[in-house]
Amino acid sequence: MKGKSLFLLGTVIALSAIMVLSAAVIYTLNFNMNATVAESGSITVTIDGTAYADGESLAIDWGSVTPGQQHNKTITITSTRNQPVTPSIAATGLPTGWTLALNDTSPIPAFGSSARNIVLTVPSDAEAGTSSWSAALTVSSP
């Protein structure tokens, strides 16, 4: 009988403590939450087999080019990022009539790799001599 009384007393004390703690809650705050998963990974670019780092300046020598022809440099873009990336190229200072473009500007899938061509088009009326210009390759995510 004494054991049952102690058990009953313990149960009453425990229930009373729970009621006191429950009664002590006087404020409830509901939260709307969000989180953004940061892009991760890296981009590797190789041009004709040579790897270049992000932001690195380099010189590409197209050598002797033939008027009226297109000339190509192979570029491979490898992404370890968790989102697709899209390459683009922009040139400044090209001689009149010359163009520089990527042959494919479609997105490269997340964790993907793609070989493309940088295409230099020299017009048939290009004048003899050495020409210089600058270009920027940009790889961006949506």
# chains A, B, ... in the order shown; residues from 1 in each chain; ligands from 1
call {"tool": "residues_around", "arguments": {"residues": "Val85 in chain A", "least_positions_apart": "4", "cutoff": "8 Å", "atoms": "only C-alpha atoms", "output": "ChimeraX atom specification"}}
result
/A:79,107-110,139-142
call {"tool": "select_by_dssp", "arguments": {"residues": "chain A", "states": "strand (DSSP E)", "output": "PyMOL selection string"}}
result
chain A and resi 43-47+50-52+70-79+86-92+99-102+113-121+134-140
call {"tool": "residues_around", "arguments": {"residues": "range 117-128 of chain A", "least_positions_apart": "3", "cutoff": "12 Å", "atoms": "only C-alpha atoms", "output": "PyMOL selection string"}}
result
chain A and resi 46-48+60-77+87-91+94-105+114+131+133+135-137
call {"tool": "closest_residue", "arguments": {"among": "A:Thr92, A:Ser132, A:Ser113, A:Asn82", "to": "Val37 in chain A", "atoms": "only C-alpha atoms"}}
result
A:Asn82
call {"tool": "closest_residue", "arguments": {"among": "A:Tyr27, A:Thr86, A:Thr80, A:Ser134", "to": "Gly41 in chain A", "atoms": "only C-alpha atoms"}}
result
A:Thr80
call {"tool": "closest_residue", "arguments": {"among": "A:Thr78, A:Ser106, A:Thr138, A:Asn32", "to": "Ala51 in chain A", "atoms": "only C-alpha atoms"}}
result
A:Thr78
call {"tool": "closest_residue", "arguments": {"among": "A:Arg81, A:Glu56, A:Phe111, A:Thr130", "to": "Ser42 in chain A", "atoms": "only C-alpha atoms"}}
result
A:Arg81
